[in-house]
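Okay, so here's the structure we're looking at.
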Amino acid sequence: MKPSAPAQEILFFDRDESWMRFNQRVLEEAQDATNPLLERVKFLAITASNLDEFVEIRVASLLQRIEDGFDQPQRPDQGGLTLEQRLNRLSVVLHEFVNAQYECWKQMLQPALAAENIRILDWGELDERAREYALRYYETEVDPLLTPVTIDPSHPFPRVLNKALCIALLLHSKRRAKALPRPTAALGVVTVPRALSRFVPLPSDNGCFDFILLHKLIESQVERMFRGYQVLSRAAFRVTRNSNLYLQEEESRSMLESVRSELYNRRKGDAVRMEIESASAPEIVERLRTNFELDSWQVFRTDAPVNLTRLMALPGLVARPELKYPEFHGRHYHLAPKSKNLFDELLNRDILLHHPFDSYATVEDFIRSAASDPAVVSIKQTLYRTSEDSPLYTALAEAAQSKEVTVVIELMARFDEASNIRWAREMEDAGVGIFLGILGLKTHCKLALMVRRDPDGIIRRYAHLGTGNYNSVTSRLYSDISLLTARPEITSAIQSVFRYLTAESDSVSYSPLLVAPLTLAPAILRLIERETSHAKAGMPASIVAKMNALLDPVTIQSLYEASNAGVEIDLIVRGMCALRPGIPGLSQNIRVRSIVGRFLEHSRIFSFHNGGQPEVYCGSADWMPRNLFERAEAVFPVDDPALSARLRNEILAAYLADNTKARLLQPDGNYARAPQIGPAINAQEYLMQLSKTERDEAQ
């Protein structure tokens, strides 16, 4: 990707172009032949899923703001571009990226799959046995779900749902051909059923895995659906719509009802992008483009099956474990010999877990044991995203039969709203106290607080604090930090946070927690400024911070000032980063790296040297304006010296040493692979091996 602008003109990279560079790094994993082949297919599918969300949220937002007249130029230090100019630049980047995606599929992955006898065939490539099987499947499973539509005055263009794969056809009426001297081709549309897998397995021998794509099977039978017409041309297409929620809060009967209503509207939002097969007839493309009111740049021609997101299902259909990552299970936490349960353990020590290298089962055990323990009298928990079949919901609902259970649930967790609404209703019916947090703030903090009357008769609080969602599925795929503790100063602060969330009740202090939008942003600045003061006094000063994104301009400016004072700053930023590193007189002491690998790097860890008395924090918040000012977030200290040392010397040190999956942000905004100096180090592989070794030794 080209630099955002000449290096000397800007202090901050454009967030959207920075995000596209992140997705480019994910695409590089799909292109990397050292990764297992079916995992490369998954990485490509992830880039497509990422791009879908980017288009329906970020691109849609830019278009909406331009349409509403908010097109003032940025400040010069941010590039000085208007929204229209930013969108024009972004459209070029988007088309280049889509071309690279399909080149990866057509030139790299599809041939490599075929070499492994994993074939995706067209109808014309099927032998007689495969055709017979495919036709039986079509007639019994597919045809009953299809609703062909011919567009004419009595049949208007159907409402195409967001991201639904469809087939458009140019049709010549055999019945009207004689009546019309110059008949115009009609347009037909068929929606590909979402309920069916996009890959139809075919009978094959000798360890082969053959498939036909569902829409290709449907295309082969369109003449049966449009009898009386000659099919002149056909093309698969897909429309992406604006998926931002626009809530009219003052008119809402309740937040729950408002979100549910907007979810319905999301499926019908304005079109933002159309993907269509590159071989499509120009007449089909133009008629669809006009119908969806799209500019030419919003049409993306694809040189392969539309919707690469659906490739995510392919590895699960192919029983070839040698083409996938080896199975991995994190180590389980073992109680000390004298501890009867986790509550006993927490009275003696804090527990730090690094998922997935440490099993998430410990967190689930903590919550389930609290739900079933008669000595626990109260449970409070936040929920942002969780799995559809989460055992936590069941445990909380059952606990509500005998104790006070309060759940603060975030209905507007993007694309999880529907499942959150369902769980909220079911838990409320079971007696759980459901709260939706503070109007205007997303509840993003990850907190659970248990109140227990211990055997000695004393009532104590026990807590879990995390960087990731209460989701057993993503806990195996994302790297995250969990802290289990009974420290009174922390559990008391968590109690204050819950009062803030349920009653918007102010607290004298939330210390030692850093809570957004109340205390987090100024606390981060104070921590950075403290390192700056130490550096100016000639003392060693350093910051190591790991997060998903860094966009807040005030925080970035503070980091620039720290760098100029001599503070050594290492940033591990997975995704968007607006900070420009390595600029003399601005950021010469700042290094930024991004790590993209088997696990999604999701943990947030912030380490400050503090004059030789290190302070380490973890939490749910990135250094972005939305996290600092528009969400309820909690960042917590890790005070136990051994646990703090583990975060600094094991976890952060591994990511800083990575020279295999790490990419280094350059002053011009591009990323370069970390130089291979010395032995190859893959941080995630190292942490996996460490987990396996310690697990084996424990056994």
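Lettering and numbering for the structure tokens are positional, with chains as A, B, ... in the shown order, residues counted from 1 in each chain, and ligands counted from 1 in the shown order.
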
For A:Leu169, work out the shell of residues within 12 Å, counting only C-alpha atoms and skipping chain neighbours fewer than 4 positions away, then give it as a PyMOL selection string. chain A and resi 148-151+185-191+218-219+222-223+225-226+229-237+280-285+287-288

Please extract the residues of stretch 292-480 of chain A with a backbone DSSP assignment of strand (DSSP E) and present them as a PyMOL selection string. chain A and resi 299-302+351-355+376-383+404-409+433-435+442-443+446-453+459-466+478-480

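Taking only C-alpha atoms, the non-local environment of A:Trp123 within 12 Å (same-chain residues fewer than 6 positions away omitted) comprises Ala130, Arg131, Glu132, Tyr133, Ala134, Leu135, Val200, Leu202, Asp210, Phe211, Ile212, Leu213, Leu214, His215, Lys216, Leu217, Ile218, Glu219, Ser220 and Gln221 of chain A.
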
How about saving the chosen residues, N, CA, C and O atoms kept, as a CSV table (one decimal), in the first residue's frame?
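Saved the output as part-v3.csv:
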```
chain,number,residue,atom,x,y,z
A,130,ALA,N,-21.3,-37.8,-10.0
A,130,ALA,CA,-21.4,-36.5,-9.3
A,130,ALA,C,-22.7,-35.7,-9.7
A,130,ALA,O,-23.3,-35.1,-8.9
A,131,ARG,N,-23.0,-35.7,-11.0
A,131,ARG,CA,-24.1,-35.0,-11.5
A,131,ARG,C,-25.4,-35.6,-10.9
A,131,ARG,O,-26.3,-34.8,-10.5
A,132,GLU,N,-25.5,-36.9,-10.9
A,132,GLU,CA,-26.7,-37.5,-10.4
A,132,GLU,C,-26.9,-37.2,-8.9
A,132,GLU,O,-28.0,-36.9,-8.5
A,133,TYR,N,-25.8,-37.2,-8.2
A,133,TYR,CA,-25.9,-36.9,-6.7
A,133,TYR,C,-26.3,-35.4,-6.5
A,133,TYR,O,-27.2,-35.1,-5.7
A,134,ALA,N,-25.6,-34.5,-7.3
A,134,ALA,CA,-25.9,-33.1,-7.1
A,134,ALA,C,-27.4,-32.8,-7.5
A,134,ALA,O,-28.0,-32.0,-6.8
A,135,LEU,N,-27.9,-33.5,-8.5
A,135,LEU,CA,-29.3,-33.2,-8.9
A,135,LEU,C,-30.3,-33.7,-7.9
A,135,LEU,O,-31.3,-33.0,-7.6
A,200,VAL,N,-21.3,-27.9,-1.5
A,200,VAL,CA,-22.1,-29.2,-1.7
A,200,VAL,C,-21.1,-30.3,-1.9
A,200,VAL,O,-20.4,-30.4,-2.9
A,202,LEU,N,-19.5,-33.7,-2.9
A,202,LEU,CA,-19.8,-34.7,-4.0
A,202,LEU,C,-19.1,-36.0,-3.8
A,202,LEU,O,-18.1,-36.1,-3.1
A,210,ASP,N,-14.3,-33.5,-3.2
A,210,ASP,CA,-14.8,-32.7,-4.3
A,210,ASP,C,-16.1,-32.0,-3.8
A,210,ASP,O,-16.9,-32.5,-3.1
A,211,PHE,N,-16.2,-30.8,-4.3
A,211,PHE,CA,-17.4,-29.9,-4.0
A,211,PHE,C,-17.8,-29.2,-5.2
A,211,PHE,O,-17.1,-28.9,-6.1
A,212,ILE,N,-19.1,-28.8,-5.2
A,212,ILE,CA,-19.6,-27.8,-6.1
A,212,ILE,C,-20.2,-26.7,-5.2
A,212,ILE,O,-20.9,-27.0,-4.2
A,213,LEU,N,-20.0,-25.4,-5.6
A,213,LEU,CA,-20.6,-24.3,-4.8
A,213,LEU,C,-22.1,-24.3,-5.1
A,213,LEU,O,-22.6,-24.6,-6.2
A,214,LEU,N,-22.8,-24.0,-4.0
A,214,LEU,CA,-24.3,-24.0,-4.1
A,214,LEU,C,-24.8,-23.2,-5.2
A,214,LEU,O,-25.7,-23.6,-5.9
A,215,HIS,N,-24.3,-22.0,-5.3
A,215,HIS,CA,-24.8,-21.1,-6.3
A,215,HIS,C,-24.5,-21.6,-7.7
A,215,HIS,O,-25.3,-21.3,-8.7
A,216,LYS,N,-23.4,-22.3,-7.9
A,216,LYS,CA,-23.1,-22.9,-9.2
A,216,LYS,C,-24.1,-24.0,-9.5
A,216,LYS,O,-24.5,-24.2,-10.7
A,217,LEU,N,-24.5,-24.8,-8.5
A,217,LEU,CA,-25.5,-25.8,-8.7
A,217,LEU,C,-26.8,-25.2,-9.1
A,217,LEU,O,-27.5,-25.7,-10.0
A,218,ILE,N,-27.2,-24.1,-8.4
A,218,ILE,CA,-28.5,-23.4,-8.7
A,218,ILE,C,-28.4,-22.8,-10.1
A,218,ILE,O,-29.4,-23.0,-10.9
A,219,GLU,N,-27.3,-22.2,-10.5
A,219,GLU,CA,-27.2,-21.7,-11.8
A,219,GLU,C,-27.4,-22.7,-12.9
A,219,GLU,O,-27.9,-22.4,-14.0
A,220,SER,N,-26.9,-23.9,-12.6
A,220,SER,CA,-27.0,-25.0,-13.6
A,220,SER,C,-28.5,-25.4,-13.9
A,220,SER,O,-28.8,-26.1,-14.9
A,221,GLN,N,-29.4,-25.0,-13.0
A,221,GLN,CA,-30.8,-25.4,-13.1
A,221,GLN,C,-31.8,-24.3,-13.3
A,221,GLN,O,-33.0,-24.4,-13.1
```

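For the residues A:Ala112, A:Leu527, A:Leu447, A:Val363, ranking by smallest atom-to-atom distance to A:Ser472 using only C-alpha atoms places A:Val363 first.
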
Among listed residues A:Ala375, A:Ala537, A:Leu63, A:Pro667, nearest A:Ala578 (using only C-alpha atoms): A:Pro667

For A:Gly207: contacts at 12 Å, only C-alpha atoms, fewer than 3 positions along chain excluded, given as a PDB file with all heavy atoms, in the first residue's frame:
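Okay, this is what ended up in out.pdb:
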```pdb
ATOM      1  N   GLU A 116      -3.746 -31.132  -3.508  1.00  0.00           N
ATOM      2  CA  GLU A 116      -4.014 -32.016  -2.368  1.00  0.00           C
ATOM      3  C   GLU A 116      -5.327 -32.779  -2.556  1.00  0.00           C
ATOM      4  O   GLU A 116      -5.879 -33.327  -1.601  1.00  0.00           O
ATOM      5  CB  GLU A 116      -4.084 -31.189  -1.079  1.00  0.00           C
ATOM      6  CG  GLU A 116      -2.773 -30.546  -0.675  1.00  0.00           C
ATOM      7  CD  GLU A 116      -1.769 -31.566  -0.146  1.00  0.00           C
ATOM      8  OE1 GLU A 116      -2.164 -32.723   0.102  1.00  0.00           O
ATOM      9  OE2 GLU A 116      -0.596 -31.184   0.008  1.00  0.00           O
ATOM     10  N   ASN A 117      -5.817 -32.804  -3.801  1.00  0.00           N
ATOM     11  CA  ASN A 117      -7.069 -33.506  -4.133  1.00  0.00           C
ATOM     12  C   ASN A 117      -8.275 -32.940  -3.392  1.00  0.00           C
ATOM     13  O   ASN A 117      -9.189 -33.659  -3.005  1.00  0.00           O
ATOM     14  CB  ASN A 117      -6.941 -35.008  -3.866  1.00  0.00           C
ATOM     15  CG  ASN A 117      -5.960 -35.677  -4.805  1.00  0.00           C
ATOM     16  OD1 ASN A 117      -5.944 -35.394  -6.003  1.00  0.00           O
ATOM     17  ND2 ASN A 117      -5.125 -36.550  -4.265  1.00  0.00           N
ATOM     18  N   ILE A 118      -8.266 -31.628  -3.200  1.00  0.00           N
ATOM     19  CA  ILE A 118      -9.423 -30.906  -2.670  1.00  0.00           C
ATOM     20  C   ILE A 118      -9.874 -29.974  -3.786  1.00  0.00           C
ATOM     21  O   ILE A 118      -9.226 -28.968  -4.072  1.00  0.00           O
ATOM     22  CB  ILE A 118      -9.063 -30.114  -1.405  1.00  0.00           C
ATOM     23  CG1 ILE A 118      -8.483 -31.040  -0.331  1.00  0.00           C
ATOM     24  CG2 ILE A 118     -10.284 -29.378  -0.859  1.00  0.00           C
ATOM     25  CD1 ILE A 118      -7.845 -30.307   0.834  1.00  0.00           C
ATOM     26  N   ARG A 119     -10.969 -30.355  -4.448  1.00  0.00           N
ATOM     27  CA  ARG A 119     -11.347 -29.651  -5.671  1.00  0.00           C
ATOM     28  C   ARG A 119     -12.729 -29.007  -5.525  1.00  0.00           C
ATOM     29  O   ARG A 119     -13.646 -29.603  -4.972  1.00  0.00           O
ATOM     30  CB  ARG A 119     -11.361 -30.622  -6.851  1.00  0.00           C
ATOM     31  CG  ARG A 119     -10.023 -31.307  -7.107  1.00  0.00           C
ATOM     32  CD  ARG A 119     -10.083 -32.148  -8.361  1.00  0.00           C
ATOM     33  NE  ARG A 119     -11.130 -33.177  -8.292  1.00  0.00           N
ATOM     34  CZ  ARG A 119     -11.494 -33.948  -9.334  1.00  0.00           C
ATOM     35  NH1 ARG A 119     -10.904 -33.768 -10.517  1.00  0.00           N
ATOM     36  NH2 ARG A 119     -12.430 -34.866  -9.192  1.00  0.00           N
ATOM     37  N   PRO A 203     -19.683 -37.095  -4.285  1.00  0.00           N
ATOM     38  CA  PRO A 203     -19.038 -38.398  -4.110  1.00  0.00           C
ATOM     39  C   PRO A 203     -17.686 -38.420  -4.808  1.00  0.00           C
ATOM     40  O   PRO A 203     -17.536 -37.943  -5.935  1.00  0.00           O
ATOM     41  CB  PRO A 203     -20.030 -39.364  -4.753  1.00  0.00           C
ATOM     42  CG  PRO A 203     -20.865 -38.533  -5.671  1.00  0.00           C
ATOM     43  CD  PRO A 203     -20.941 -37.183  -5.051  1.00  0.00           C
ATOM     44  N   SER A 204     -16.684 -38.937  -4.117  1.00  0.00           N
ATOM     45  CA  SER A 204     -15.335 -38.995  -4.688  1.00  0.00           C
ATOM     46  C   SER A 204     -14.605 -40.183  -4.088  1.00  0.00           C
ATOM     47  O   SER A 204     -14.997 -40.716  -3.052  1.00  0.00           O
ATOM     48  CB  SER A 204     -14.565 -37.698  -4.425  1.00  0.00           C
ATOM     49  OG  SER A 204     -14.584 -37.379  -3.045  1.00  0.00           O
ATOM     50  N   ASP A 210     -14.294 -33.537  -3.203  1.00  0.00           N
ATOM     51  CA  ASP A 210     -14.831 -32.740  -4.296  1.00  0.00           C
ATOM     52  C   ASP A 210     -16.086 -32.004  -3.837  1.00  0.00           C
ATOM     53  O   ASP A 210     -16.906 -32.548  -3.078  1.00  0.00           O
ATOM     54  CB  ASP A 210     -15.182 -33.635  -5.491  1.00  0.00           C
ATOM     55  CG  ASP A 210     -13.950 -34.180  -6.196  1.00  0.00           C
ATOM     56  OD1 ASP A 210     -12.851 -33.631  -5.961  1.00  0.00           O
ATOM     57  OD2 ASP A 210     -14.078 -35.145  -6.967  1.00  0.00           O
ATOM     58  N   VAL A 318     -13.249 -30.944   5.380  1.00  0.00           N
ATOM     59  CA  VAL A 318     -12.134 -31.735   4.837  1.00  0.00           C
ATOM     60  C   VAL A 318     -11.378 -32.384   5.985  1.00  0.00           C
ATOM     61  O   VAL A 318     -10.755 -31.687   6.800  1.00  0.00           O
ATOM     62  CB  VAL A 318     -11.189 -30.850   3.997  1.00  0.00           C
ATOM     63  CG1 VAL A 318      -9.996 -31.666   3.512  1.00  0.00           C
ATOM     64  CG2 VAL A 318     -11.940 -30.243   2.817  1.00  0.00           C
ATOM     65  N   ALA A 319     -11.421 -33.681   6.061  1.00  0.00           N
ATOM     66  CA  ALA A 319     -10.749 -34.423   7.138  1.00  0.00           C
ATOM     67  C   ALA A 319      -9.281 -34.652   6.771  1.00  0.00           C
ATOM     68  O   ALA A 319      -8.850 -35.764   6.460  1.00  0.00           O
ATOM     69  CB  ALA A 319     -11.458 -35.756   7.377  1.00  0.00           C
ATOM     70  N   ARG A 320      -8.528 -33.583   6.839  1.00  0.00           N
ATOM     71  CA  ARG A 320      -7.092 -33.643   6.535  1.00  0.00           C
ATOM     72  C   ARG A 320      -6.342 -32.892   7.636  1.00  0.00           C
ATOM     73  O   ARG A 320      -5.930 -31.746   7.463  1.00  0.00           O
ATOM     74  CB  ARG A 320      -6.800 -33.017   5.168  1.00  0.00           C
ATOM     75  CG  ARG A 320      -7.396 -33.772   3.979  1.00  0.00           C
ATOM     76  CD  ARG A 320      -6.642 -35.058   3.685  1.00  0.00           C
ATOM     77  NE  ARG A 320      -5.262 -34.784   3.368  1.00  0.00           N
ATOM     78  CZ  ARG A 320      -4.822 -34.410   2.146  1.00  0.00           C
ATOM     79  NH1 ARG A 320      -5.690 -34.261   1.145  1.00  0.00           N
ATOM     80  NH2 ARG A 320      -3.541 -34.199   1.930  1.00  0.00           N
TER      81      ARG A 320
END
```

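With only C-alpha atoms as the atoms that count, the residue of A:Val272, A:Met20, A:Ile681, A:Ile167 with the shortest distance to A:Ala60 is A:Val272.
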
Neighbours of A:His329 within 8 Å (only C-alpha atoms; same-chain residues fewer than 3 positions away dropped), as a PyMOL selection string? chain A and resi 356-357+359

Using DSSP assignments from the backbone, pull out every residue in stretch 140-195 of chain A that falls under helix (DSSP H, G or I) and give it to me as a VMD selection string. chain A and resid 140 to 145

Show which residues sit within 7 Å of stretch 558-569 of chain A, as number ranges by chain. Count only C-alpha atoms, and ignore same-chain residues fewer than 6 positions away. A: 525, 528-529, 531-532, 535-536, 541-544, 585-591

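The spacing separating atom CA of A:Lys324 from atom CA of A:Arg40 amounts to 8.9 Å.
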
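Between A:Arg273 and the candidates A:Glu345, A:Glu293, A:Asp658, A:Glu650, the tightest atom-to-atom separation, counting only C-alpha atoms, involves A:Glu293.
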